[in-house]
>>> print(open('work_16.csv').read())   # CSV, C-alpha atoms
chain,number,residue,atom,x,y,z
A,1,MET,CA,-13.2,-16.0,-15.7
A,2,LYS,CA,-11.4,-18.8,-13.8
A,3,PRO,CA,-11.7,-18.9,-10.1
A,4,VAL,CA,-8.6,-18.4,-7.9
A,5,GLN,CA,-9.7,-21.4,-5.8
A,6,GLU,CA,-12.2,-24.3,-6.1
A,7,GLU,CA,-13.4,-26.9,-3.7
A,8,ILE,CA,-16.2,-29.5,-3.5
A,9,ARG,CA,-18.3,-29.7,-0.3
A,10,ASP,CA,-20.4,-32.9,-0.5
A,11,ARG,CA,-22.1,-32.3,-3.9
A,12,LEU,CA,-21.6,-28.5,-4.0
A,13,ARG,CA,-19.0,-27.0,-6.3
A,14,VAL,CA,-17.5,-23.8,-4.8
A,15,CYS,CA,-15.7,-21.2,-7.0
A,16,VAL,CA,-13.8,-18.4,-5.2
A,17,HIS,CA,-13.0,-15.2,-7.2
A,18,ASP,CA,-10.8,-12.3,-6.3
A,19,HIS,CA,-13.6,-9.7,-6.1
A,20,ARG,CA,-17.3,-9.5,-6.7
A,21,GLY,CA,-17.0,-8.1,-10.2
A,22,ALA,CA,-15.0,-11.2,-11.3
A,23,MET,CA,-17.4,-13.4,-9.4
A,24,GLY,CA,-20.5,-11.9,-11.1
A,25,LYS,CA,-18.9,-12.2,-14.6
A,26,ALA,CA,-18.0,-15.8,-14.0
A,27,ALA,CA,-21.4,-16.7,-12.8
A,28,ALA,CA,-23.0,-14.9,-15.7
A,29,ALA,CA,-20.7,-16.7,-18.2
A,30,ASP,CA,-21.7,-20.1,-16.7
A,31,ILE,CA,-25.4,-19.2,-16.8
A,32,HIS,CA,-25.1,-18.0,-20.4
A,33,ALA,CA,-23.4,-21.3,-21.4
A,34,ALA,CA,-26.1,-23.3,-19.7
A,35,MET,CA,-28.9,-21.3,-21.3
A,36,LYS,CA,-27.3,-21.7,-24.7
A,37,ARG,CA,-27.0,-25.4,-24.3
A,38,LEU,CA,-30.5,-25.8,-23.1
A,39,LEU,CA,-32.0,-23.6,-25.9
A,40,ALA,CA,-30.2,-25.9,-28.4
A,41,GLU,CA,-32.0,-28.9,-26.8
A,42,LYS,CA,-35.4,-27.5,-25.9
A,43,GLU,CA,-38.0,-25.1,-27.4
A,44,ARG,CA,-38.4,-23.2,-24.2
A,45,ILE,CA,-36.6,-23.0,-20.9
A,46,ARG,CA,-37.8,-21.9,-17.4
A,47,ILE,CA,-35.6,-19.9,-15.0
A,48,VAL,CA,-36.1,-18.6,-11.5
A,49,PHE,CA,-34.2,-15.4,-10.6
A,50,ALA,CA,-33.3,-13.9,-7.2
A,51,ALA,CA,-33.7,-10.1,-6.6
A,52,ALA,CA,-31.0,-8.6,-4.4
A,53,PRO,CA,-28.1,-6.2,-4.6
A,54,SER,CA,-25.8,-9.3,-4.3
A,55,GLN,CA,-27.0,-10.3,-7.8
A,56,ASN,CA,-26.1,-6.9,-9.4
A,57,GLU,CA,-22.8,-7.8,-11.0
A,58,CYS,CA,-24.1,-11.2,-12.3
A,59,LEU,CA,-27.3,-9.7,-13.8
A,60,ALA,CA,-25.4,-6.8,-15.4
A,61,ALA,CA,-23.0,-9.2,-17.1
A,62,LEU,CA,-25.9,-11.5,-18.2
A,63,VAL,CA,-27.6,-8.5,-19.8
A,64,GLN,CA,-24.5,-7.8,-21.8
A,65,SER,CA,-24.0,-11.4,-23.0
A,66,GLN,CA,-24.8,-12.0,-26.6
A,67,GLY,CA,-26.4,-14.8,-28.6
A,68,LEU,CA,-29.3,-15.8,-26.4
A,69,ASP,CA,-32.8,-16.1,-27.6
A,70,TRP,CA,-34.6,-14.7,-24.6
A,71,SER,CA,-38.0,-14.9,-26.4
A,72,ARG,CA,-37.8,-18.6,-25.6
A,73,VAL,CA,-37.3,-18.0,-21.9
A,74,THR,CA,-40.0,-18.2,-19.2
A,75,ALA,CA,-38.8,-16.2,-16.2
A,76,PHE,CA,-40.0,-16.3,-12.6
A,77,HIS,CA,-38.8,-14.7,-9.4
A,78,MET,CA,-38.5,-16.4,-6.0
A,79,ASP,CA,-40.0,-14.0,-3.4
A,80,GLU,CA,-41.9,-10.7,-2.8
A,81,TYR,CA,-42.7,-8.5,0.1
A,82,ILE,CA,-46.3,-8.2,1.2
A,83,GLY,CA,-47.6,-4.7,1.9
A,84,LEU,CA,-45.5,-2.5,-0.5
A,85,PRO,CA,-47.4,-0.4,-3.0
A,86,ARG,CA,-46.9,-1.4,-6.7
A,87,SER,CA,-44.9,1.8,-7.2
A,88,ALA,CA,-42.3,0.9,-4.5
A,89,PRO,CA,-38.8,0.5,-5.9
A,90,GLN,CA,-38.0,-2.1,-3.3
A,91,ARG,CA,-40.4,-4.7,-4.8
A,92,PHE,CA,-38.5,-7.6,-6.1
A,93,GLY,CA,-40.5,-7.8,-9.2
A,94,SER,CA,-39.6,-4.2,-9.9
A,95,PHE,CA,-35.9,-4.8,-9.2
A,96,LEU,CA,-35.7,-7.7,-11.7
A,97,SER,CA,-37.7,-5.8,-14.3
A,98,ARG,CA,-35.2,-2.8,-14.0
A,99,SER,CA,-32.1,-5.0,-13.8
A,100,LEU,CA,-33.0,-7.8,-16.3
A,101,PHE,CA,-36.4,-8.4,-17.7
A,102,ASP,CA,-37.0,-5.0,-19.3
A,103,ARG,CA,-33.5,-5.2,-20.8
A,104,VAL,CA,-33.6,-8.7,-22.3
A,105,SER,CA,-37.3,-9.2,-22.9
A,106,PRO,CA,-38.0,-12.8,-21.9
A,107,GLY,CA,-40.9,-14.4,-23.8
A,108,GLU,CA,-42.8,-14.8,-20.6
A,109,VAL,CA,-42.3,-13.2,-17.2
A,110,HIS,CA,-44.4,-14.4,-14.2
A,111,LEU,CA,-44.2,-12.1,-11.2
A,112,LEU,CA,-45.6,-12.7,-7.7
A,113,ASP,CA,-48.5,-10.4,-7.0
A,114,ALA,CA,-48.3,-9.6,-3.3
A,115,MET,CA,-51.3,-7.3,-3.6
A,116,ASN,CA,-53.4,-10.4,-4.2
A,117,ASP,CA,-54.9,-12.5,-1.4
A,118,PRO,CA,-51.8,-14.3,-0.1
A,119,GLU,CA,-53.4,-17.8,0.0
A,120,ALA,CA,-54.8,-17.4,-3.5
A,121,GLU,CA,-51.5,-16.0,-4.8
A,122,CYS,CA,-49.5,-18.9,-3.4
A,123,GLU,CA,-51.8,-21.3,-5.1
A,124,ARG,CA,-51.7,-19.4,-8.4
A,125,TYR,CA,-48.0,-19.0,-8.5
A,126,GLY,CA,-47.4,-22.6,-7.3
A,127,ARG,CA,-49.5,-23.8,-10.2
A,128,LEU,CA,-47.3,-21.8,-12.6
A,129,ILE,CA,-44.1,-23.1,-11.1
A,130,ARG,CA,-45.3,-26.7,-11.3
A,131,GLU,CA,-46.6,-26.6,-14.9
A,132,SER,CA,-43.3,-27.8,-16.2
A,133,PRO,CA,-39.8,-28.5,-14.7
A,134,ILE,CA,-37.6,-25.6,-13.7
A,135,ASP,CA,-34.4,-25.7,-15.7
A,136,MET,CA,-32.3,-23.2,-13.8
A,137,VAL,CA,-32.4,-21.2,-10.5
A,138,VAL,CA,-30.2,-18.2,-9.9
A,139,LEU,CA,-30.1,-17.5,-6.2
A,140,GLY,CA,-28.2,-16.0,-3.3
A,141,ILE,CA,-27.8,-16.7,0.4
A,142,GLY,CA,-28.9,-14.3,3.1
A,143,GLU,CA,-26.9,-13.1,6.1
A,144,ASN,CA,-29.0,-15.5,8.3
A,145,GLY,CA,-28.4,-18.4,5.8
A,146,HIS,CA,-31.8,-18.1,4.1
A,147,ILE,CA,-32.5,-19.0,0.5
A,148,ALA,CA,-35.3,-17.0,-1.0
A,149,PHE,CA,-37.3,-15.9,2.1
A,150,ASN,CA,-36.9,-19.3,3.8
A,151,ASP,CA,-35.5,-17.9,7.1
A,152,PRO,CA,-34.4,-20.5,9.7
A,153,PRO,CA,-37.6,-20.2,11.7
A,154,VAL,CA,-39.8,-21.1,8.7
A,155,ALA,CA,-37.5,-23.1,6.5
A,156,ASP,CA,-38.6,-26.7,5.8
A,157,PHE,CA,-36.6,-29.1,3.7
A,158,ALA,CA,-39.7,-31.2,3.3
A,159,ASP,CA,-42.2,-28.4,2.8
A,160,PRO,CA,-45.4,-29.7,1.2
A,161,LEU,CA,-46.0,-26.3,-0.3
A,162,TRP,CA,-44.2,-24.7,-3.3
A,163,VAL,CA,-45.1,-21.1,-2.5
A,164,LYS,CA,-46.0,-19.9,1.0
A,165,GLN,CA,-46.5,-16.8,3.1
A,166,VAL,CA,-43.8,-16.3,5.7
A,167,LYS,CA,-43.0,-13.9,8.6
A,168,LEU,CA,-39.5,-12.5,8.1
A,169,ASP,CA,-37.2,-12.8,11.0
A,170,LEU,CA,-35.4,-9.8,12.5
A,171,ASP,CA,-32.0,-10.7,10.9
A,172,CYS,CA,-33.5,-10.9,7.5
A,173,ARG,CA,-35.3,-7.6,7.8
A,174,GLN,CA,-32.1,-5.9,9.2
A,175,GLN,CA,-30.2,-7.2,6.1
A,176,GLN,CA,-32.6,-5.2,3.9
A,177,VAL,CA,-31.5,-2.1,5.8
A,178,ASN,CA,-27.8,-3.1,5.6
A,179,ASP,CA,-28.2,-3.5,1.8
A,180,GLY,CA,-29.5,0.0,1.5
A,181,CYS,CA,-32.9,-1.1,0.3
A,182,PHE,CA,-34.7,0.6,3.2
A,183,ALA,CA,-33.8,3.5,5.4
A,184,ASN,CA,-34.6,1.8,8.7
A,185,LEU,CA,-36.1,-1.4,10.1
A,186,GLU,CA,-39.5,0.0,10.6
A,187,GLU,CA,-39.9,0.5,6.8
A,188,VAL,CA,-39.1,-3.2,6.0
A,189,PRO,CA,-42.2,-5.3,5.6
A,190,LYS,CA,-42.8,-8.1,8.1
A,191,TYR,CA,-44.3,-10.6,5.7
A,192,ALA,CA,-43.6,-11.9,2.3
A,193,LEU,CA,-44.4,-14.6,-0.2
A,194,THR,CA,-41.6,-17.1,-1.1
A,195,LEU,CA,-40.9,-20.2,-3.1
A,196,THR,CA,-40.2,-22.9,-0.7
A,197,ILE,CA,-37.0,-24.9,-0.4
A,198,PRO,CA,-38.4,-28.0,-2.3
A,199,ALA,CA,-39.5,-25.6,-5.1
A,200,LEU,CA,-36.0,-24.1,-5.3
A,201,MET,CA,-34.3,-27.5,-5.1
A,202,SER,CA,-36.5,-28.8,-7.9
A,203,GLY,CA,-34.4,-26.7,-10.4
A,204,ALA,CA,-32.2,-28.9,-12.6
A,205,GLN,CA,-29.2,-26.6,-12.2
A,206,LEU,CA,-28.6,-24.0,-9.5
A,207,PHE,CA,-26.2,-21.0,-9.6
A,208,CYS,CA,-25.8,-19.4,-6.2
A,209,VAL,CA,-24.1,-16.0,-6.2
A,210,VAL,CA,-22.9,-14.7,-2.8
A,211,PRO,CA,-20.5,-11.8,-2.5
A,212,GLY,CA,-19.5,-9.6,0.4
A,213,ALA,CA,-18.0,-9.8,3.9
A,214,SER,CA,-21.5,-9.6,5.5
A,215,LYS,CA,-22.2,-13.0,4.0
A,216,ARG,CA,-19.1,-14.7,5.3
A,217,ALA,CA,-20.6,-16.3,8.4
A,218,ALA,CA,-23.6,-17.6,6.4
A,219,VAL,CA,-21.2,-19.1,3.8
A,220,GLN,CA,-19.2,-20.8,6.5
A,221,ARG,CA,-22.3,-22.3,8.1
A,222,ALA,CA,-23.6,-23.4,4.7
A,223,LEU,CA,-20.3,-25.1,3.8
A,224,TYR,CA,-19.1,-26.5,7.0
A,225,GLY,CA,-22.0,-26.6,9.4
A,226,GLU,CA,-24.7,-29.3,9.9
A,227,ILE,CA,-27.1,-29.7,7.0
A,228,SER,CA,-30.2,-28.4,8.7
A,229,GLU,CA,-32.9,-25.7,8.6
A,230,ALA,CA,-30.9,-23.7,11.1
A,231,CYS,CA,-28.9,-22.7,8.0
A,232,PRO,CA,-31.3,-23.3,5.1
A,233,ALA,CA,-28.5,-22.7,2.5
A,234,SER,CA,-26.8,-25.8,3.8
A,235,ILE,CA,-29.2,-27.9,1.8
A,236,LEU,CA,-27.4,-26.8,-1.4
A,237,ARG,CA,-24.7,-29.3,-0.5
A,238,GLN,CA,-27.2,-32.0,-1.4
A,239,HIS,CA,-28.3,-30.7,-4.8
A,240,PRO,CA,-26.9,-32.7,-7.7
A,241,ASP,CA,-25.9,-29.7,-9.8
A,242,CYS,CA,-25.3,-26.5,-7.8
A,243,THR,CA,-22.3,-24.1,-8.1
A,244,LEU,CA,-21.6,-21.5,-5.4
A,245,TYR,CA,-19.9,-18.4,-6.6
A,246,VAL,CA,-18.1,-16.4,-3.8
A,247,ASP,CA,-15.5,-13.6,-3.6
A,248,ARG,CA,-12.7,-13.4,-1.2
A,249,ASP,CA,-14.8,-11.3,1.1
A,250,SER,CA,-17.6,-13.8,1.5
A,251,TYR,CA,-15.3,-16.8,1.5
A,252,GLY,CA,-12.8,-15.3,3.9
A,253,ASP,CA,-10.2,-17.6,5.5
A,254,ILE,CA,-12.4,-20.7,5.4
A,255,ARG,CA,-10.4,-23.9,5.1
A,256,ASN,CA,-11.4,-27.5,4.8
A,257,GLY,CA,-11.7,-28.8,8.3
>>> encode(input="work_16.csv", output="structure tokens")
Amino acid sequence: MKPVQEEIRDRLRVCVHDHRGAMGKAAAADIHAAMKRLLAEKERIRIVFAAAPSQNECLAALVQSQGLDWSRVTAFHMDEYIGLPRSAPQRFGSFLSRSLFDRVSPGEVHLLDAMNDPEAECERYGRLIRESPIDMVVLGIGENGHIAFNDPPVADFADPLWVKQVKLDLDCRQQQVNDGCFANLEEVPKYALTLTIPALMSGAQLFCVVPGASKRAAVQRALYGEISEACPASILRQHPDCTLYVDRDSYGDIRNG
């Protein structure tokens, strides 16, 4: 589906769609095309996926796409809460299993195990991520401008780690309530494991899917503010191959300024 508007901010391509359904389908079509091209060139490909309601339309369309050999895909996810039981539906690994992995059966799926000792788990998962280059990252942007769980207080564009434990800031935790994932703020875990910004930026191709009016301020800061950890998503403007997919609600009345 063609965008109704496009622009380039620094190195970042921005595609604006009428509504989140069209946005999700367009992002999925581009992801499908990139996967098909890579699978024609390589025996296996490695993809990191975000888990959030913002990704629903994109993941649903990707599940329906045809002609991909998912058995040659190694899949990762980018963050996980600490402190939730394995049965909790809010766990990001569970979300991606329900929405994608159980439906397309990737050849390998590596999930963060937040029940493990955090330091040991960061080391284990970091080794898996670094075993071979990451071909693609499918991500979103949080209401506070985070990517993965790199909230402004803990984001580091030059982070020496690839996976780390973080304390979630209040805005991030409130977003989880706003998204309907938790009934109230007290239920939202305070700590999580996350891929760091250098780990995400190491992906050869990034697809960033950001619908909804609640993300408008973050999108504006990411596109038009200073590139800094105060809005972690602003770093996407420096990636050599990143596309931002937004709908009219998240893009709003932003104009080049």
>>> residues_around(input="work_16.csv", residues="range 240-255 of chain A", least_positions_apart="5", cutoff="10 Å", atoms="all atoms listed in the file", output="PyMOL selection string")
chain A and resi 3-8+10-24+26-27+30+136-141+201+203-220+223-224
>>> atom_distance(input="work_16.csv", atom1="CA of Asn144 in chain A", atom2="CA of Glu229 in chain A")
10.9 Å
>>> closest_residue(input="work_16.csv", among="A:Trp162, A:Tyr81, A:Phe92, A:Trp70", to="Val188 in chain A", atoms="only C-alpha atoms")
A:Tyr81
>>> atom_distance(input="work_16.csv", atom1="CA of Ser234 in chain A", atom2="CA of Ala222 in chain A")
4.1 Å
>>> residues_near_point(input="work_16.csv", point="(-36.8, -16.7, -32.8)", cutoff="12 Å", atoms="only C-alpha atoms", output="MDAnalysis selection string")
chainID A and resid 39 43:44 67:73 106:107
>>> write_last_selection(input="work_16.csv", atoms="C-alpha atoms", output="compact mmCIF listing (two decimals), in the coordinates of the input")
# COMPACT_ATOMS: atom_id res chain seq x y z
CA LEU A 39 -32.00 -23.60 -25.90
CA GLU A 43 -38.00 -25.10 -27.40
CA ARG A 44 -38.40 -23.20 -24.20
CA GLY A 67 -26.40 -14.80 -28.60
CA LEU A 68 -29.30 -15.80 -26.40
CA ASP A 69 -32.80 -16.10 -27.60
CA TRP A 70 -34.60 -14.70 -24.60
CA SER A 71 -38.00 -14.90 -26.40
CA ARG A 72 -37.80 -18.60 -25.60
CA VAL A 73 -37.30 -18.00 -21.90
CA PRO A 106 -38.00 -12.80 -21.90
CA GLY A 107 -40.90 -14.40 -23.80
>>> closest_residue(input="work_16.csv", among="A:Asp169, A:Glu57, A:Arg124, A:Ala52", to="Ser94 in chain A", atoms="only C-alpha atoms")
A:Ala52
>>> residues_around(input="work_16.csv", residues="Gln64 in chain A", least_positions_apart="4", cutoff="10 Å", atoms="all atoms listed in the file", output="number ranges by chain")
A: 28, 59-60, 103-104
>>> closest_residue(input="work_16.csv", among="A:Ile129, A:Leu161, A:Leu96, A:Leu195", to="Asp79 in chain A", atoms="all atoms listed in the file")
A:Leu195
>>> atom_distance(input="work_16.csv", atom1="CA of Val154 in chain A", atom2="CA of Arg237 in chain A")
19.5 Å
>>> axis_aligned_box(input="work_16.csv", around="range 212-222 of chain A", padding_each_side="4 Å", output="AutoDock Vina command-line options")
--center_x -20.8 --center_y -16.5 --center_z 4.4 --size_x 13.6 --size_y 21.8 --size_z 16.0
>>> residues_near_point(input="work_16.csv", point="(-22.2, -15.0, -21.0)", cutoff="6 Å", atoms="all atoms listed in the file", output="VMD selection string")
chain A and resid 28 to 29 32 62 65
>>> closest_residue(input="work_16.csv", among="A:Gln90, A:Thr74, A:Thr196, A:Ser54", to="Leu128 in chain A", atoms="only C-alpha atoms")
A:Thr74
>>> closest_residue(input="work_16.csv", among="A:Asn56, A:Gln238, A:Ser202, A:Ser228", to="Ser132 in chain A", atoms="only C-alpha atoms")
A:Ser202
>>> closest_residue(input="work_16.csv", among="A:Leu100, A:Val163, A:Leu200, A:Ala88", to="Tyr125 in chain A", atoms="all atoms listed in the file")
A:Val163
>>> residues_around(input="work_16.csv", residues="His110 in chain A", least_positions_apart="3", cutoff="8 Å", atoms="only C-alpha atoms", output="list in words")
Thr74, Ala75, Phe76 and His77 of chain A
>>> write_last_selection(input="work_16.csv", atoms="C-alpha atoms", output="PDB file, in the frame of the given file")
ATOM      1  CA  THR A  74     -40.000 -18.200 -19.200  1.00  0.00           C
ATOM      2  CA  ALA A  75     -38.800 -16.200 -16.200  1.00  0.00           C
ATOM      3  CA  PHE A  76     -40.000 -16.300 -12.600  1.00  0.00           C
ATOM      4  CA  HIS A  77     -38.800 -14.700  -9.400  1.00  0.00           C
TER       5      HIS A  77
END
